[in-house]
Protein chains: 2
Amino acid sequence: MARTIAILGGTGPEGLGLANRFARAGEHIVIGSRDAARAQQAASQLRQRIGVSANVEGTDNATATAQSEIVVLTLPFSGQAALLKQLKSVWKAGTIVIDTTVPLAATVGGAATRMIGVWQGSAAEAAMELLPQNVSLAAAFHNLGAELLAGDAPIDCDVLVCSDDERAKQVAMELAGKISGVRAVNGGKLENARIVESITALLIGLNIRYKVHGAGVRFTGLPGS
Amino acid sequence: MARTIAILGGTGPEGLGLANRFARAGEHIVIGSRDAARAQQAASQLRQRIGVSANVEGTDNATATAQSEIVVLTLPFSGQAALLKQLKSVWKAGTIVIDTTVPLAATVGGAATRMIGVWQGSAAEAAMELLPQNVSLAAAFHNLGAELLAGDAPIDCDVLVCSDDERAKQVAMELAGKISGVRAVNGGKLENARIVESITALLIGLNIRYKVHGAGVRFTGLPGS
């Protein structure tokens, strides 16, 4: 049976970009949004861009979650906790949750080049506290800029995947490998997400200082690189 | 007049590696250590390795600081504050200080893949508080592994330079460019050092997980890259 990937907050640029890439790789995508109509509209626009073969739907976040084997969180950090509390009883057992959240200070009115301090250490560990025990969490995709994800050109960036769950880590690494140009890198434990998340603030600063739109990161000295 | 570069804590692997690279680039190096005799011994060994042309001396940290236009801090974080307090009245006005310190948890008996929280935000900002007003500070070289610095092979890694002082930033970027293979990248304000420092913990984790010794980082999407 084909798997379904929900992209929650999927009408935002980051979520829409991931939906675009995963749909192009042949995955069945459900864009989730607070507003089902907006999600359907985004899905329809994405199908028009990618072509009739694209398997993309849209619905509200809870419905998207309930029907999916993989759920990707792409909301601003300020909306993460409220959504996860709302979804508490919705998850299918065994769902793989992939958190892409970066707690930029922008989420509370500050700069996109600064982070806010999260008591748990990272947005991913904050999400972990609010998820039921019968789902698995990985953190990934933080450092891929939305502008790069929007097209279909190869992306010159590694994706660090952090998780304490082997299965979740494998699935997130496999999905990262489906984005043209991207290499999945084992980022270790979920607690390392705090570093990976903060690299996004650094990349946003590089975009500003160097007047570019797609600063990314590659790790060197690894086997095969 | 030729400039002198002091490497404080320069008998440790990171400091010795930077001394090696800067001496090979023709710079006049003074290795500083708590123990002048150990510094002299390290300098003598380095001269033997590099060749008779190498301009490398060794002395105690305070003497090295007093005679140098550029002072590079390469001590473990646990020794940084005590040293800077001790050096308070020693600095020449206008000295460029380059902090390479990474507050790894290892400095208090924890893991080298974890950071300790520094109240000021970063080791560099902690150093800033303890330096006199008439010197300039940049943070750089955090992500270059000591094993890579020891030889003379090109290093496949960028060096992010963070500073609130234009002159200090320029000097640190110029020095980074003297290490074969290395590209200097403008890391923005000194406060960004907290992110750059933490990338070192991530690279140490990559070294462990991938069983390599020289994981590094490159930024993509920048002009000319």
# chains A, B, ... in the order shown; residues from 1 in each chain; ligands from 1
call {"tool": "select_by_dssp", "arguments": {"residues": "segment 2-222 of chain A", "states": "strand (DSSP E)", "output": "ChimeraX atom specification"}}
result
/A:4-8,28-33,56-60,70-73,96-99,136-139,158-161,183-186,216-220
call {"tool": "closest_atom_pairs", "arguments": {"of": "chain A", "to": "chain B", "cutoff": "8 Å", "atoms": "only C-alpha atoms", "output": "CSV"}}
result
residue,atom,partner,partner_atom,distance
A:Asp156,CA,B:Thr220,CA,6.4
A:Cys157,CA,B:Thr220,CA,7.0
A:Asn186,CA,B:Leu206,CA,7.6
A:Gly187,CA,B:Leu206,CA,7.1
A:Gly188,CA,B:Gly205,CA,7.2
A:Asn192,CA,B:Leu202,CA,7.4
A:Ile195,CA,B:Ser198,CA,6.3
A:Ser198,CA,B:Ile195,CA,6.3
A:Ile199,CA,B:Ile195,CA,6.7
A:Leu202,CA,B:Ile195,CA,7.2
A:Gly205,CA,B:Gly188,CA,7.2
A:Leu206,CA,B:Gly187,CA,7.1
A:Asn207,CA,B:Leu222,CA,7.9
A:Arg209,CA,B:Gly188,CA,7.6
A:Tyr210,CA,B:Leu222,CA,6.6
A:Val212,CA,B:Leu222,CA,6.7
A:His213,CA,B:Gly221,CA,7.8
A:Gly214,CA,B:Gly221,CA,5.4
A:Ala215,CA,B:Gly221,CA,4.4
A:Gly216,CA,B:Thr220,CA,4.8
A:Val217,CA,B:Phe219,CA,4.5
A:Arg218,CA,B:Arg218,CA,5.2
A:Phe219,CA,B:Val217,CA,4.5
A:Thr220,CA,B:Gly216,CA,4.8
A:Gly221,CA,B:Ala215,CA,4.4
A:Leu222,CA,B:Ala215,CA,6.0
A:Pro223,CA,B:Tyr210,CA,7.1
call {"tool": "write_last_selection", "arguments": {"atoms": "C-alpha atoms", "output": "short mmCIF file (atom, residue, chain, number, x, y, z; two decimals), in the first residue's frame"}}
result
data_model
loop_
_atom_site.label_atom_id
_atom_site.label_comp_id
_atom_site.auth_asym_id
_atom_site.auth_seq_id
_atom_site.Cartn_x
_atom_site.Cartn_y
_atom_site.Cartn_z
CA ASP A 156 23.35 22.12 -3.23
CA CYS A 157 22.76 21.36 0.46
CA ASN A 186 23.20 11.35 10.05
CA GLY A 187 22.97 14.18 12.57
CA GLY A 188 22.92 11.88 15.59
CA ASN A 192 21.52 17.74 18.22
CA ILE A 195 22.54 22.97 16.49
CA SER A 198 20.42 27.31 14.58
CA ILE A 199 22.36 26.81 11.34
CA LEU A 202 23.20 31.55 10.18
CA GLY A 205 22.32 35.91 7.77
CA LEU A 206 24.55 34.71 4.91
CA ASN A 207 21.70 35.34 2.45
CA ARG A 209 25.17 39.69 3.91
CA TYR A 210 26.01 38.10 0.55
CA VAL A 212 21.83 35.75 -2.26
CA HIS A 213 18.69 33.67 -1.75
CA GLY A 214 19.89 30.12 -1.38
CA ALA A 215 22.81 29.78 1.02
CA GLY A 216 23.15 26.15 2.07
CA VAL A 217 25.56 23.89 3.88
CA ARG A 218 27.65 20.85 2.95
CA PHE A 219 29.70 18.71 5.29
CA THR A 220 33.14 17.71 4.08
CA GLY A 221 35.47 14.88 5.04
CA LEU A 222 32.67 12.28 5.24
CA PRO A 223 33.00 8.92 3.47
#
call {"tool": "closest_residue", "arguments": {"among": "A:Ser180, A:Ser44, A:Ser89, A:Ser163", "to": "Ala66 of chain A", "atoms": "only C-alpha atoms"}}
result
A:Ser89
call {"tool": "residues_around", "arguments": {"residues": "Asn61 of chain A", "least_positions_apart": "2", "cutoff": "6 Å", "atoms": "only C-alpha atoms", "output": "list of chain:residue names"}}
result
A:Leu8, A:Gly32, A:Ser33, A:Arg34, A:Thr63, A:Ala64
call {"tool": "write_last_selection", "arguments": {"atoms": "N, CA and C atoms", "output": "CSV table (one decimal), in the first residue's frame"}}
result
chain,number,residue,atom,x,y,z
A,8,LEU,N,2.0,19.4,7.4
A,8,LEU,CA,1.2,20.3,8.2
A,8,LEU,C,1.7,21.7,8.1
A,32,GLY,N,-1.7,19.9,4.7
A,32,GLY,CA,-2.6,20.3,5.8
A,32,GLY,C,-2.5,21.8,6.2
A,33,SER,N,-3.6,22.3,6.6
A,33,SER,CA,-3.7,23.7,6.9
A,33,SER,C,-4.8,23.9,8.0
A,34,ARG,N,-4.8,25.0,8.7
A,34,ARG,CA,-5.9,25.3,9.6
A,34,ARG,C,-7.2,25.4,8.8
A,63,THR,N,-7.3,16.2,9.8
A,63,THR,CA,-7.7,15.1,8.8
A,63,THR,C,-6.5,14.6,8.1
A,64,ALA,N,-5.6,15.5,7.8
A,64,ALA,CA,-4.3,15.1,7.1
A,64,ALA,C,-3.5,14.2,8.0
call {"tool": "closest_residue", "arguments": {"among": "A:Ala126, A:Glu166, A:Lys178, A:Gln67", "to": "Ala25 of chain A", "atoms": "only C-alpha atoms"}}
result
A:Lys178
call {"tool": "closest_residue", "arguments": {"among": "B:Leu83, B:Ala146, B:Ala54, B:Ala93", "to": "Gln133 of chain B", "atoms": "only C-alpha atoms"}}
result
B:Ala93
call {"tool": "select_by_dssp", "arguments": {"residues": "segment 5-215 of chain B", "states": "helix (DSSP H, G or I)", "output": "VMD selection string"}}
result
chain B and resid 13 to 24 36 to 50 61 to 66 77 to 87 105 to 108 123 to 130 146 to 150 166 to 176 190 to 209
call {"tool": "residues_around", "arguments": {"residues": "Arg38 of chain B", "least_positions_apart": "2", "cutoff": "9 Å", "atoms": "only C-alpha atoms", "output": "number ranges by chain"}}
result
B: 11, 33-36, 40-43, 58-60
call {"tool": "closest_residue", "arguments": {"among": "A:Ile70, A:Phe77, A:Gly17, A:Ala176", "to": "Ala105 of chain A", "atoms": "only C-alpha atoms"}}
result
A:Phe77
call {"tool": "residues_around", "arguments": {"residues": "Thr4 of chain B", "least_positions_apart": "2", "cutoff": "12 Å", "atoms": "only C-alpha atoms", "output": "VMD selection string"}}
result
chain B and resid 1 to 2 6 to 7 19 22 to 23 26 to 31 55 to 57 64 to 72 92 95 to 96
call {"tool": "write_last_selection", "arguments": {"atoms": "C-alpha atoms", "output": "mmCIF file, in the first residue's frame"}}
result
data_model
loop_
_atom_site.group_PDB
_atom_site.id
_atom_site.type_symbol
_atom_site.label_atom_id
_atom_site.label_comp_id
_atom_site.auth_asym_id
_atom_site.auth_seq_id
_atom_site.Cartn_x
_atom_site.Cartn_y
_atom_site.Cartn_z
ATOM 1 C CA MET B 1 57.436 46.311 10.220
ATOM 2 C CA ALA B 2 56.494 42.637 10.236
ATOM 3 C CA ALA B 6 50.806 35.155 19.423
ATOM 4 C CA ILE B 7 49.002 31.819 19.788
ATOM 5 C CA ALA B 19 50.822 28.068 14.514
ATOM 6 C CA PHE B 22 50.446 30.576 9.875
ATOM 7 C CA ALA B 23 54.211 29.916 10.147
ATOM 8 C CA GLY B 26 55.516 33.193 6.451
ATOM 9 C CA GLU B 27 54.066 34.820 9.568
ATOM 10 C CA HIS B 28 56.137 35.521 12.693
ATOM 11 C CA ILE B 29 54.633 33.296 15.386
ATOM 12 C CA VAL B 30 55.057 33.345 19.159
ATOM 13 C CA ILE B 31 53.607 30.300 20.861
ATOM 14 C CA ASN B 55 59.872 32.153 12.237
ATOM 15 C CA VAL B 56 58.484 30.538 15.393
ATOM 16 C CA GLU B 57 59.361 31.300 19.024
ATOM 17 C CA ALA B 64 53.679 36.608 23.993
ATOM 18 C CA THR B 65 50.663 38.911 24.326
ATOM 19 C CA ALA B 66 52.711 42.016 25.160
ATOM 20 C CA GLN B 67 54.829 41.754 22.016
ATOM 21 C CA SER B 68 52.120 40.881 19.445
ATOM 22 C CA GLU B 69 49.820 42.801 17.107
ATOM 23 C CA ILE B 70 47.551 39.750 16.741
ATOM 24 C CA VAL B 71 46.725 37.367 19.600
ATOM 25 C CA VAL B 72 44.879 34.096 18.955
ATOM 26 C CA LYS B 92 49.155 46.627 23.432
ATOM 27 C CA THR B 95 45.776 44.446 19.344
ATOM 28 C CA ILE B 96 43.561 42.204 17.231
#
call {"tool": "closest_residue", "arguments": {"among": "B:Val159, B:Leu16, B:Leu84, B:Ala172", "to": "Ala184 of chain B", "atoms": "only C-alpha atoms"}}
result
B:Val159
call {"tool": "closest_residue", "arguments": {"among": "B:Arg167, B:Lys88, B:Arg47, B:Arg3", "to": "Arg21 of chain B", "atoms": "only C-alpha atoms"}}
result
B:Arg47
call {"tool": "atom_distance", "arguments": {"atom1": "atom CA of Ala139 of chain A", "atom2": "atom CA of Ile98 of chain A"}}
result
5.5 Å
